[in-house]
Every structure is written in C-alpha cells, then in structure tokens.
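Enquirer: Below is the file final07.txt, which contains compact mmCIF, C-alpha atoms and all ligand atoms.
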```txt
# COMPACT_ATOMS: atom_id res chain seq x y z
CA MET A 117 221.55 63.73 -50.11
CA LYS A 118 224.37 61.27 -50.79
CA ALA A 119 227.05 62.43 -53.24
CA VAL A 120 230.65 61.83 -54.26
CA ILE A 121 232.81 64.91 -53.83
CA CYS A 122 236.26 65.72 -55.22
CA LYS A 123 238.12 68.53 -53.41
CA LYS A 124 241.44 68.23 -55.26
CA TYR A 125 242.85 66.58 -58.38
CA GLY A 126 244.54 63.24 -57.84
CA GLU A 127 244.28 59.47 -57.78
CA PRO A 128 240.84 57.79 -57.45
CA GLU A 129 241.10 57.98 -53.63
CA VAL A 130 240.43 61.75 -53.77
CA LEU A 131 236.78 60.82 -54.37
CA LYS A 132 234.86 60.78 -51.07
CA LEU A 133 231.29 59.82 -50.28
CA ALA A 134 229.56 62.65 -48.38
CA GLU A 135 226.20 64.03 -47.23
CA VAL A 136 225.46 67.35 -48.95
CA PRO A 137 222.37 69.56 -49.25
CA LYS A 138 219.84 68.45 -51.87
CA PRO A 139 219.71 71.00 -54.74
CA ILE A 140 216.53 73.03 -55.32
CA PRO A 141 215.57 73.73 -58.96
CA LYS A 142 215.36 77.35 -60.16
CA ASP A 143 212.33 78.42 -62.23
CA ASN A 144 214.01 77.26 -65.47
CA GLU A 145 215.37 73.98 -64.05
CA VAL A 146 214.25 70.44 -63.36
CA CYS A 147 215.48 68.33 -60.45
CA VAL A 148 216.46 64.83 -61.61
CA LYS A 149 216.48 61.91 -59.17
CA ILE A 150 219.49 60.02 -60.51
CA HIS A 151 219.26 56.24 -60.88
CA ALA A 152 222.55 55.72 -62.73
CA THR A 153 225.67 57.58 -63.74
CA ALA A 154 228.91 56.40 -65.36
CA VAL A 155 232.68 56.54 -65.16
CA THR A 156 233.68 57.98 -68.52
CA ASN A 157 237.08 59.06 -69.72
CA SER A 158 235.90 62.64 -69.21
CA ASP A 159 235.27 61.89 -65.51
CA ILE A 160 238.80 60.47 -65.26
CA PHE A 161 240.26 63.68 -66.77
CA ILE A 162 238.16 65.86 -64.47
CA ARG A 163 239.17 63.91 -61.34
CA SER A 164 242.85 63.52 -62.17
CA SER A 165 243.61 66.53 -64.36
CA LYS A 166 246.21 64.24 -65.97
CA LEU A 167 246.44 66.06 -69.29
CA PRO A 168 249.40 66.98 -71.45
CA PHE A 169 250.76 70.53 -71.72
CA PRO A 170 249.38 72.90 -73.09
CA ILE A 171 245.80 71.41 -72.92
CA ILE A 172 246.03 71.36 -69.13
CA ILE A 173 246.06 75.20 -68.97
CA PRO A 174 242.60 75.91 -70.50
CA PHE A 175 241.32 72.78 -68.71
CA ARG A 176 242.34 74.10 -65.27
CA LEU A 177 241.06 77.59 -66.05
CA MET A 178 237.70 76.09 -66.97
CA ILE A 179 237.33 73.31 -64.37
CA GLY A 180 239.38 74.65 -61.44
CA ILE A 181 242.99 75.45 -60.56
CA THR A 182 243.82 72.92 -57.79
CA GLY A 183 240.62 70.87 -57.92
CA PRO A 184 237.24 70.92 -59.67
CA ARG A 185 235.28 74.10 -58.82
CA LYS A 186 232.16 71.92 -58.78
CA LEU A 187 232.71 69.68 -55.74
CA ILE A 188 230.36 66.98 -57.01
CA ILE A 189 231.69 65.65 -60.31
CA GLY A 190 230.03 63.22 -62.76
CA LEU A 191 229.01 63.97 -66.34
CA VAL A 192 226.35 61.44 -67.34
CA TYR A 193 223.00 60.65 -65.78
CA SER A 194 219.84 58.65 -66.22
CA GLY A 195 216.91 59.02 -63.86
CA GLU A 196 213.52 60.50 -63.17
CA ILE A 197 212.20 64.05 -62.96
CA GLU A 198 211.42 64.71 -59.30
CA THR A 199 210.33 68.35 -59.36
CA VAL A 200 210.16 71.11 -61.98
CA GLY A 201 210.64 74.90 -61.79
CA LYS A 202 207.60 77.03 -62.70
CA ASN A 203 208.84 77.88 -66.23
CA ILE A 204 209.40 74.26 -67.29
CA LYS A 205 207.39 73.20 -70.35
CA ARG A 206 208.80 69.87 -71.64
CA PHE A 207 208.91 67.77 -68.48
CA LYS A 208 206.75 66.77 -65.53
CA PRO A 209 207.49 64.81 -62.33
CA GLY A 210 207.88 61.11 -63.04
CA ASP A 211 209.27 61.49 -66.60
CA LEU A 212 212.26 59.21 -67.23
CA VAL A 213 215.15 61.22 -68.65
CA TYR A 214 218.83 60.94 -69.54
CA GLY A 215 221.65 63.12 -70.74
CA ILE A 216 224.86 64.85 -69.73
CA THR A 217 225.47 67.60 -67.21
CA GLY A 218 228.13 69.62 -69.09
CA PHE A 219 229.82 72.19 -66.87
CA THR A 220 227.24 71.57 -64.13
CA LEU A 221 228.87 68.15 -63.48
CA GLY A 222 227.11 66.83 -60.32
CA ALA A 223 225.94 63.44 -61.62
CA TYR A 224 227.72 61.48 -58.85
CA ALA A 225 224.80 62.22 -56.52
CA GLU A 226 221.22 61.31 -55.73
CA TYR A 227 219.87 64.52 -57.34
CA VAL A 228 221.01 67.11 -59.86
CA CYS A 229 219.26 70.28 -61.12
CA LEU A 230 219.48 71.00 -64.84
CA LYS A 231 218.21 73.52 -67.34
CA GLU A 232 215.48 72.29 -69.69
CA LYS A 233 217.19 73.87 -72.72
CA ASP A 234 220.55 72.77 -74.15
CA SER A 235 223.46 74.88 -72.97
CA LYS A 236 227.04 74.56 -71.77
CA VAL A 237 225.54 73.23 -68.53
CA GLY A 238 224.10 70.09 -70.07
CA CYS A 239 221.28 68.56 -72.06
CA ILE A 240 218.26 66.46 -71.17
CA SER A 241 215.79 64.31 -73.06
CA PHE A 242 213.46 61.37 -72.64
CA LYS A 243 215.29 58.10 -71.94
CA PRO A 244 214.99 55.15 -74.38
CA TYR A 245 212.21 53.03 -72.83
CA ASN A 246 213.91 49.72 -73.65
CA LEU A 247 217.21 50.47 -71.87
CA SER A 248 217.99 50.26 -68.16
CA HIS A 249 219.23 53.47 -66.52
CA GLU A 250 222.78 52.04 -66.54
CA GLU A 251 222.55 51.26 -70.27
CA ALA A 252 221.07 54.70 -70.96
CA THR A 253 224.20 56.36 -69.51
CA MET A 254 226.33 54.42 -72.05
CA VAL A 255 224.35 55.58 -75.09
CA ALA A 256 224.14 59.16 -73.78
CA TYR A 257 227.93 59.63 -73.63
CA GLY A 258 229.04 57.21 -76.36
CA GLY A 259 226.11 58.05 -78.64
CA LEU A 260 226.54 61.83 -78.39
CA LEU A 261 230.24 61.51 -79.21
CA ALA A 262 229.68 58.98 -82.01
CA PHE A 263 226.90 60.95 -83.72
CA GLN A 264 228.74 64.28 -83.42
CA TYR A 265 231.87 62.95 -85.12
CA LEU A 266 230.24 60.55 -87.60
CA GLU A 267 228.10 63.46 -88.88
CA GLN A 268 231.38 65.15 -89.88
CA GLY A 269 231.97 62.21 -92.25
CA ASN A 270 228.60 62.65 -94.02
CA ILE A 271 228.60 58.87 -94.49
CA GLN A 272 226.93 57.51 -97.61
CA GLN A 273 225.74 53.96 -98.40
CA GLU A 274 228.58 51.49 -99.06
CA GLN A 275 231.32 53.92 -98.16
CA LYS A 276 234.28 52.39 -96.38
CA VAL A 277 234.52 53.58 -92.76
CA LEU A 278 237.21 52.72 -90.21
CA ILE A 279 236.59 53.13 -86.49
CA TYR A 280 239.90 53.22 -84.61
CA GLY A 281 239.20 52.17 -81.00
CA ALA A 282 236.03 50.25 -81.82
CA SER A 283 235.72 48.66 -78.37
CA GLY A 284 235.35 51.80 -76.19
CA THR A 285 232.12 53.57 -75.20
CA SER A 286 232.03 55.79 -78.28
CA GLY A 287 233.68 53.21 -80.59
CA THR A 288 231.07 50.50 -79.91
CA LEU A 289 228.31 53.00 -80.72
CA ALA A 290 230.15 54.43 -83.76
CA VAL A 291 230.47 50.95 -85.32
CA GLN A 292 226.73 50.33 -84.94
CA ILE A 293 225.65 53.77 -86.18
CA ALA A 294 227.98 53.63 -89.21
CA LYS A 295 226.55 50.18 -90.08
CA LYS A 296 223.01 51.53 -89.82
CA LEU A 297 224.01 54.38 -92.19
CA GLY A 298 224.95 51.69 -94.73
CA ALA A 299 228.74 51.86 -94.50
CA GLU A 300 231.17 48.97 -94.78
CA VAL A 301 232.78 49.14 -91.36
CA THR A 302 236.24 48.10 -90.21
CA GLY A 303 236.88 48.21 -86.46
CA VAL A 304 240.28 48.45 -84.78
CA CYS A 305 240.79 47.01 -81.29
CA SER A 306 242.98 44.49 -79.44
CA THR A 307 242.77 40.69 -79.66
CA ALA A 308 240.44 40.29 -76.67
CA ASN A 309 237.76 42.50 -78.25
CA LEU A 310 237.80 41.33 -81.89
CA GLU A 311 234.78 39.03 -81.51
CA MET A 312 232.80 41.61 -79.56
CA VAL A 313 233.38 44.27 -82.25
CA LYS A 314 232.35 41.78 -84.98
CA SER A 315 229.20 40.99 -83.00
CA LEU A 316 228.29 44.70 -83.17
CA GLY A 317 228.20 44.42 -86.96
CA ALA A 318 231.74 45.34 -88.05
CA ASP A 319 232.46 43.76 -91.45
CA TYR A 320 236.20 43.56 -90.77
CA VAL A 321 238.38 43.93 -87.69
CA ILE A 322 242.04 44.82 -87.33
CA ASP A 323 244.06 43.97 -84.21
CA TYR A 324 246.32 46.95 -83.40
CA THR A 325 248.45 44.74 -81.16
CA LYS A 326 249.28 42.41 -84.09
CA GLN A 327 249.21 44.63 -87.18
CA ASP A 328 251.37 47.71 -87.60
CA SER A 329 249.90 48.85 -90.89
CA VAL A 330 246.70 48.86 -92.93
CA PRO A 331 246.88 46.22 -95.70
CA GLN A 332 248.22 47.73 -98.95
CA GLY A 333 245.56 48.91 -101.38
CA LEU A 334 242.91 49.35 -98.66
CA TYR A 335 241.49 52.90 -98.51
CA PHE A 336 238.75 54.45 -96.41
CA ASP A 337 236.27 57.25 -97.14
CA PHE A 338 236.06 58.18 -93.46
CA ILE A 339 238.21 57.31 -90.46
CA LEU A 340 237.13 58.12 -86.91
CA ASP A 341 239.72 57.89 -84.17
CA SER A 342 237.37 57.20 -81.27
CA VAL A 343 239.99 56.71 -78.54
CA GLY A 344 241.46 60.17 -78.85
CA LYS A 345 244.92 61.59 -79.17
CA ALA A 346 246.38 60.10 -75.97
CA LYS A 347 246.16 56.48 -77.15
CA THR A 348 248.07 55.57 -80.25
CA SER A 349 249.87 52.77 -82.10
CA LYS A 350 251.90 52.24 -85.28
CA LEU A 351 248.66 51.11 -86.88
CA LYS A 352 247.04 54.49 -86.13
CA ASP A 353 249.83 56.30 -88.02
CA SER A 354 249.32 53.95 -90.95
CA CYS A 355 245.52 54.57 -90.92
CA LYS A 356 246.09 58.28 -91.51
CA LYS A 357 247.65 57.40 -94.88
CA ALA A 358 244.89 54.96 -95.88
CA LEU A 359 242.38 57.58 -97.06
CA SER A 360 240.63 57.57 -100.45
CA ALA A 361 240.97 60.67 -102.69
CA ASN A 362 238.20 62.63 -100.89
CA GLY A 363 238.57 60.71 -97.66
CA LYS A 364 238.45 62.40 -94.24
CA TYR A 365 240.17 61.56 -90.95
CA THR A 366 238.94 62.95 -87.66
CA SER A 367 239.73 62.47 -84.00
CA ILE A 368 237.11 62.45 -81.27
CA ASP A 369 239.33 65.01 -79.52
CA ASN A 370 238.86 67.62 -82.30
CA GLY A 371 236.57 70.07 -80.55
CA ALA A 372 234.26 69.95 -77.56
CA LEU A 373 231.43 67.52 -76.90
CA ILE A 374 228.18 69.28 -77.86
CA ASN A 375 225.27 69.08 -75.42
CA SER A 376 222.42 68.30 -77.79
CA SER A 377 218.94 67.09 -76.82
CA GLN A 378 218.21 66.72 -80.53
CA ARG A 379 220.98 64.11 -80.75
CA LEU A 380 219.70 62.49 -77.52
CA ASN A 381 216.32 62.10 -79.26
CA LYS A 382 218.03 60.51 -82.26
CA ILE A 383 219.92 58.12 -79.96
CA LYS A 384 216.62 57.23 -78.26
CA ASP A 385 215.09 56.38 -81.66
CA TYR A 386 218.11 54.29 -82.67
CA ALA A 387 218.00 52.40 -79.34
CA GLU A 388 214.25 51.81 -79.47
CA PHE A 389 214.39 50.57 -83.09
CA GLY A 390 217.17 48.19 -82.01
CA TYR A 391 219.83 49.79 -84.26
CA ILE A 392 222.19 50.31 -81.32
CA LYS A 393 222.87 48.28 -78.20
CA PRO A 394 225.06 49.59 -75.39
CA VAL A 395 228.07 47.53 -74.32
CA LEU A 396 228.29 47.56 -70.53
CA ASP A 397 231.53 46.19 -69.13
CA LYS A 398 230.83 46.55 -65.40
CA ILE A 399 228.32 48.14 -63.03
CA TYR A 400 229.41 49.42 -59.62
CA PRO A 401 227.34 50.95 -56.79
CA LEU A 402 228.04 54.63 -56.08
CA GLU A 403 229.75 53.55 -52.84
CA GLU A 404 232.46 51.81 -54.98
CA ILE A 405 233.25 54.82 -57.15
CA VAL A 406 236.97 54.68 -56.27
CA GLU A 407 237.20 51.08 -57.50
CA ALA A 408 235.27 52.00 -60.67
CA HIS A 409 237.67 54.89 -61.44
CA ARG A 410 240.67 52.60 -60.88
CA TYR A 411 239.24 50.11 -63.37
CA VAL A 412 238.41 52.66 -66.09
CA GLU A 413 241.80 54.34 -65.72
CA LYS A 414 243.51 51.11 -66.84
CA GLY A 415 242.27 52.09 -70.33
CA HIS A 416 240.81 48.81 -71.54
CA LYS A 417 237.17 48.86 -70.53
CA LYS A 418 234.92 47.13 -73.06
CA GLY A 419 232.22 49.66 -73.93
CA GLY A 420 231.63 51.53 -70.69
CA VAL A 421 231.27 51.35 -66.91
CA ALA A 422 228.05 52.43 -65.19
CA ILE A 423 227.31 53.36 -61.59
CA THR A 424 224.03 52.53 -59.87
CA VAL A 425 222.74 55.24 -57.54
CA LYS A 426 220.47 53.59 -54.97
CA GLN A 427 218.10 56.13 -53.46
CA LYS A 428 217.61 56.09 -49.67
N1 LIG B 1 235.77 66.07 -77.95
C1 LIG B 1 235.34 66.04 -76.71
O1 LIG B 1 234.85 67.01 -76.14
C2 LIG B 1 235.43 64.76 -75.94
C3 LIG B 1 234.59 64.56 -74.85
C4 LIG B 1 234.67 63.37 -74.17
C5 LIG B 1 235.60 62.42 -74.57
N2 LIG B 1 236.42 62.66 -75.61
C6 LIG B 1 237.43 61.67 -76.04
O2 LIG B 1 236.78 60.49 -76.32
C7 LIG B 1 237.63 59.43 -75.95
C8 LIG B 1 236.82 58.18 -76.01
O3 LIG B 1 236.42 57.63 -74.81
P1 LIG B 1 235.64 56.24 -74.83
O4 LIG B 1 235.16 56.00 -73.45
O5 LIG B 1 234.66 56.20 -75.93
O6 LIG B 1 236.72 55.21 -75.23
P2 LIG B 1 237.99 54.68 -74.44
O7 LIG B 1 237.69 54.41 -73.02
O8 LIG B 1 239.11 55.57 -74.74
O9 LIG B 1 238.19 53.37 -75.16
C9 LIG B 1 238.46 52.21 -74.47
C10 LIG B 1 238.95 51.29 -75.51
O10 LIG B 1 240.15 51.84 -76.08
C11 LIG B 1 240.86 50.77 -76.62
N3 LIG B 1 242.26 51.16 -76.73
C12 LIG B 1 243.10 51.45 -75.73
N4 LIG B 1 244.31 51.82 -76.24
C13 LIG B 1 244.18 51.75 -77.58
C14 LIG B 1 245.07 52.01 -78.67
N5 LIG B 1 246.30 52.39 -78.49
N6 LIG B 1 244.58 51.83 -79.91
C15 LIG B 1 243.31 51.44 -80.13
N7 LIG B 1 242.44 51.19 -79.15
C16 LIG B 1 242.88 51.34 -77.89
C17 LIG B 1 240.63 49.66 -75.63
O11 LIG B 1 240.47 48.54 -76.42
P3 LIG B 1 241.44 47.32 -76.24
O12 LIG B 1 241.26 46.81 -74.82
O13 LIG B 1 240.92 46.43 -77.29
O14 LIG B 1 242.82 47.88 -76.45
C18 LIG B 1 239.31 49.96 -74.94
O15 LIG B 1 238.28 49.07 -75.31
C19 LIG B 1 238.21 59.93 -74.64
O16 LIG B 1 239.40 59.30 -74.30
C20 LIG B 1 238.46 61.39 -74.97
O17 LIG B 1 239.75 61.51 -75.54
C21 LIG B 1 236.35 63.81 -76.31
```
Would you put the structure from the file into structure tokens?

Expert:
Amino acid sequence: MKAVICKKYGEPEVLKLAEVPKPIPKDNEVCVKIHATAVTNSDIFIRSSKLPFPIIIPFRLMIGITGPRKLIIGLVYSGEIETVGKNIKRFKPGDLVYGITGFTLGAYAEYVCLKEKDSKVGCISFKPYNLSHEEATMVAYGGLLAFQYLEQGNIQQEQKVLIYGASGTSGTLAVQIAKKLGAEVTGVCSTANLEMVKSLGADYVIDYTKQDSVPQGLYFDFILDSVGKAKTSKLKDSCKKALSANGKYTSIDNGALINSSQRLNKIKDYAEFGYIKPVLDKIYPLEEIVEAHRYVEKGHKKGGVAITVKQK
C-alpha cells in the first residue's frame, strides 16, 4: 500500500512517500481503508520533535529517540472498515468510521489496523453521516480536544466563557460547543479571523494583535487556552487575571488527549444535529504531505488542514 514514512525527526522534507506492506488485522482489530487524514499540530510535533526542554525527554522516550518508532505517522483518520478480526463485535466491512490512532499513528497511509475498544492505541466510532471524510478528521481531533477540556469547565447556561485561540482546529469547535451549552462566548484570534470566529457564534471577539489586555471589569467563569503553551501574547497573560471568583483557567496542553469513542459519538450527534461545523482551511492530496506540513507549521491555519487519501 501507499504510505508516508518518517525515518528521522526534521523539517517537512523528512516525510517520504513509499510502498509498504498492507497491515493485516489481528482477531481484536479492524482494518480501516483510509479516505482522509489531517495535518494536526500533534503531527507536526511528532515529525519535527521541536519541543522545549524538559517535555522533549518523555516525548522522545515515548515516540522514539532519533525518529518516530512507528515509521508511518499520522494521528487522525476517516474511512471505511475493510476487514474485521474474528472477535470484532461493533463493526462490519463497509461501515464508515472515524477517530484517532493514538500511539499506533499510521494514518498517513491507505490502510491502518486498529483495536475496536478505546486504548492508548486509538479510538474508533461511526462517522457523522453529513460530513465528508476530510471534515470528519477536523471534528475528530478538534472535537475530542474541545470536549475534553470544556468538560473541565462544567459550563452552565449564561456563564461567560473565553476561548483563547478561537480560530484553530480545537478553538473553532470549542466556540461552537460552548455556545450550544448556553454560554456567552468570547473568542480571541487575530484580525484576519475575527469575522470567521463571529460566524461560528461567538458573542464577542478580541484581537490579540491589537489588544494587550482584557477590558477592565470583564470577568470569565471559564477560560480555555486552545492554542497551547507554545503560543502566547500579552493578552493571554491578562486573560489569566480576568477570572470570576470561582472561575477556572485551563490550557489544552494540561494532560494527554484521551482516546474516547464515547466522545466521538457525542461529536457525531453534535455534527448531525448541526450544532458544530468543521472549519477546513485547505485540503491536500497525500502526495503533497510535505507542502501541507510546511503550511500548518506556519501556525496560522484557519480551523484545520485535511489530506485526501486516494485509493489505487
Ligand atoms: N493535551 C494534549 O494531549 C494535546 C493533544 C493535541 C494537541 N494539543 C495542543 O492543542 C493545540 C491546539 O491545536 P489546534 O490545531 O487546535 O490549534 P492551532 O493550530 O494551535 O491554532 C491555530 C490558530 O492559532 C492562532 N494563534 C496563533 N498564535 C496565536 C497566539 N499567540 N494567540 C492566539 N492565537 C494564536 C492562529 O490564529 P490567528 O491566525 O488568528 O493568529 C490559528 O488560527 C496544539 O498546539 C497542542 O499544543 C494538546
């Protein structure tokens, strides 16, 4: 099968298209024919290993010392069940599915084998019927992150919520989910994305390139930093002080992404009811993965970037 392999950490050019053996599912695995994957920030970290000290140490111990132990990288997938192992109960060939591969990686390929049950090596569920495979990859990654961290806020009707980094993959989903939960939502992004974030339902927007502080007297019940610790601004520092008495601030980098098919089902419901819409900046073919990584690495993608995997 066709796949993108990464033998060592480095610039996007370390990614090479190759022919590799097609995986065969074990008894407790399904084989997914992949129709789309994505270039997420996680894929950028895994390819480049550009991480600050000391985080880089556990990262390299987990993923690989000089390059990823799993030659085929890629974290997100949407596709179709091709074959199932004999112990598989939930899925049958032809089912349309989506999810993330966890430590299996392997989504930059025509096929990947995954366990049916949630584990460190991924999660799988039925894909929202009204989304394309490319769109489904956006809500899998962004939706899992957004739900996981918004749940920490236990958001109640009319609470004031601020999403810092409202224009990224997780931020665009967090704005929409927080609105659906009844919050009054303020989104932070740069000038070019203000209108887009408003169109997702944000009640107010703040431009971090123009404003260094949160207006005086404005307090939030929950603040989610959805761009993570590496990207900051004077405004972000000011946000941390703009919490109400019982307010909570959390960063999307606090803890590991949980592989949860239960959350994938929730995302599917939200998508099918029209509560969330993925924001897709660009779509590249798998053959242009290097270009796609270069683009995402610039750090200003709107929503996310998907990759179409055309089967032979
Ligand atoms: N906890 C975990 O296990 C886990 C797993 C995966 C990912 N993550 C974290 O999740 C993060 C989110 O990734 P993502 O794809 O959703 O979003 P992202 O790619 O980081 O967000 C892109 C957006 O960030 C905005 N941005 C860039 N610099 C900014 C700044 N200084 N202040 C505010 N906004 C800024 C850009 O908007 P403008 O163009 O408008 O500036 C762009 O639209 C990752 O970077 C990673 O840190 C955590």

Enquirer: Would you name the residues within 6 Å of ligand LIG 1 (chain B), counting only C-alpha atoms and all ligand atoms, and put them as a PyMOL selection string?

Expert: chain A and resi 156-158+258+280-281+283-287+305-306+309+342-344+347-349+368-373+415-418

Enquirer: So which residues fall inside 6 Å of (226.5, 57.0, -61.8) if we count only C-alpha atoms? Mind giving them as a list in words?

Expert: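 Within the cut-off we find Ala152, Thr153, Ala154, Tyr224, Ala422, Ile423, Thr424 and Val425 of chain A.
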
Enquirer: List the neighbours of A:Arg176 out to 12 Å using only C-alpha atoms; skip same-chain residues closer than 6 positions along the sequence, and give me the result as an NGL selection string.

Expert: :A and (124-125 or 161-170 or 182-185)

Enquirer: Go ahead and save the picked residues with C-alpha atoms, as a PDB file, in the frame of the given file.

Expert:
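Saved as again24.pdb:
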```
ATOM      1  CA  LYS A 124     241.440  68.230 -55.260  1.00  0.00           C
ATOM      2  CA  TYR A 125     242.850  66.580 -58.380  1.00  0.00           C
ATOM      3  CA  PHE A 161     240.260  63.680 -66.770  1.00  0.00           C
ATOM      4  CA  ILE A 162     238.160  65.860 -64.470  1.00  0.00           C
ATOM      5  CA  ARG A 163     239.170  63.910 -61.340  1.00  0.00           C
ATOM      6  CA  SER A 164     242.850  63.520 -62.170  1.00  0.00           C
ATOM      7  CA  SER A 165     243.610  66.530 -64.360  1.00  0.00           C
ATOM      8  CA  LYS A 166     246.210  64.240 -65.970  1.00  0.00           C
ATOM      9  CA  LEU A 167     246.440  66.060 -69.290  1.00  0.00           C
ATOM     10  CA  PRO A 168     249.400  66.980 -71.450  1.00  0.00           C
ATOM     11  CA  PHE A 169     250.760  70.530 -71.720  1.00  0.00           C
ATOM     12  CA  PRO A 170     249.380  72.900 -73.090  1.00  0.00           C
ATOM     13  CA  THR A 182     243.820  72.920 -57.790  1.00  0.00           C
ATOM     14  CA  GLY A 183     240.620  70.870 -57.920  1.00  0.00           C
ATOM     15  CA  PRO A 184     237.240  70.920 -59.670  1.00  0.00           C
ATOM     16  CA  ARG A 185     235.280  74.100 -58.820  1.00  0.00           C
TER      17      ARG A 185
END
```

Enquirer: Quick check, in Å to one decimal: how far apart do atom CA of A:Glu135 and atom CA of A:Lys233 lie?

Expert: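 Distance between the two atoms: 28.8 Å.
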
Enquirer: In Å, rounded to a single decimal, give me how far atom CA of A:Gly317 is from atom CA of A:Val395.

Expert: 13.0 Å

Enquirer: If we count only C-alpha atoms and set the cut-off at 10 Å, which residues sit around stretch 226-231 of chain A, ignoring sequence neighbours fewer than 4 positions away in its own chain? Please answer as number ranges by chain.

Expert: A: 117-120, 137-153, 188, 193, 195-201, 204, 216-218, 220-222, 235-240, 402, 425-428

Enquirer: So which residues touch A:Lys243 within 7 Å, counting only C-alpha atoms, skipping near sequence neighbours fewer than 3 positions away, as number ranges by chain?

Expert: A: 212-214, 252, 384

Enquirer: Measuring between all atoms listed in the file, which one of A:Val313, A:Ala262, A:Ala308, A:Val412 shows the shortest distance to A:Asp341?

Expert: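 Once distances to A:Asp341 are computed over all atoms listed in the file, the minimum belongs to A:Ala262.
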
Enquirer: I'd like the neighbourhood of stretch 275-278 of chain A as a ChimeraX atom specification, where a residue qualifies if any of its atoms comes within 8 Å (using all atoms listed in the file), though same-chain residues fewer than 5 positions away should be ignored.

Expert: /A:294,298-304,335-340

Enquirer: Measuring atom to atom with all atoms listed in the file, identify which of A:Asp159, A:Asp319, A:Asp385, A:Asp353 is nearest to A:Val291.

Expert: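 Selected residue with least distance to A:Val291: A:Asp319.
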
Enquirer: Please produce stretch 341-356 of chain A, completed to N, CA and C atoms, as a compact mmCIF listing (two decimals), in the frame of the given file.

Expert:
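As a result, out33.txt now contains:
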```txt
# COMPACT_ATOMS: atom_id res chain seq x y z
N ASP A 341 238.90 58.34 -85.30
CA ASP A 341 239.72 57.89 -84.17
C ASP A 341 238.88 58.11 -82.92
N SER A 342 238.29 57.03 -82.40
CA SER A 342 237.37 57.20 -81.27
C SER A 342 238.02 56.93 -79.92
N VAL A 343 239.34 56.80 -79.87
CA VAL A 343 239.99 56.71 -78.54
C VAL A 343 240.71 58.01 -78.18
N GLY A 344 240.85 58.88 -79.15
CA GLY A 344 241.46 60.17 -78.85
C GLY A 344 242.96 60.17 -79.00
N LYS A 345 243.52 61.38 -78.82
CA LYS A 345 244.92 61.59 -79.17
C LYS A 345 245.89 60.92 -78.21
N ALA A 346 245.45 60.64 -76.97
CA ALA A 346 246.38 60.10 -75.97
C ALA A 346 246.76 58.64 -76.23
N LYS A 347 245.89 57.89 -76.91
CA LYS A 347 246.16 56.48 -77.15
C LYS A 347 246.50 56.28 -78.61
N THR A 348 247.68 55.72 -78.85
CA THR A 348 248.07 55.57 -80.25
C THR A 348 248.77 54.24 -80.49
N SER A 349 249.16 53.99 -81.73
CA SER A 349 249.87 52.77 -82.10
C SER A 349 250.46 53.01 -83.49
N LYS A 350 251.35 52.11 -83.91
CA LYS A 350 251.90 52.24 -85.28
C LYS A 350 250.77 52.14 -86.29
N LEU A 351 249.78 51.28 -85.96
CA LEU A 351 248.66 51.11 -86.88
C LEU A 351 247.91 52.44 -87.08
N LYS A 352 247.78 53.22 -86.00
CA LYS A 352 247.04 54.49 -86.13
C LYS A 352 247.76 55.41 -87.15
N ASP A 353 249.08 55.47 -87.06
CA ASP A 353 249.83 56.30 -88.02
C ASP A 353 249.58 55.83 -89.45
N SER A 354 249.53 54.52 -89.61
CA SER A 354 249.32 53.95 -90.95
C SER A 354 247.91 54.28 -91.45
N CYS A 355 246.92 54.27 -90.53
CA CYS A 355 245.52 54.57 -90.92
C CYS A 355 245.43 55.94 -91.58
N LYS A 356 246.19 56.90 -91.01
CA LYS A 356 246.09 58.28 -91.51
C LYS A 356 246.46 58.37 -92.99
```
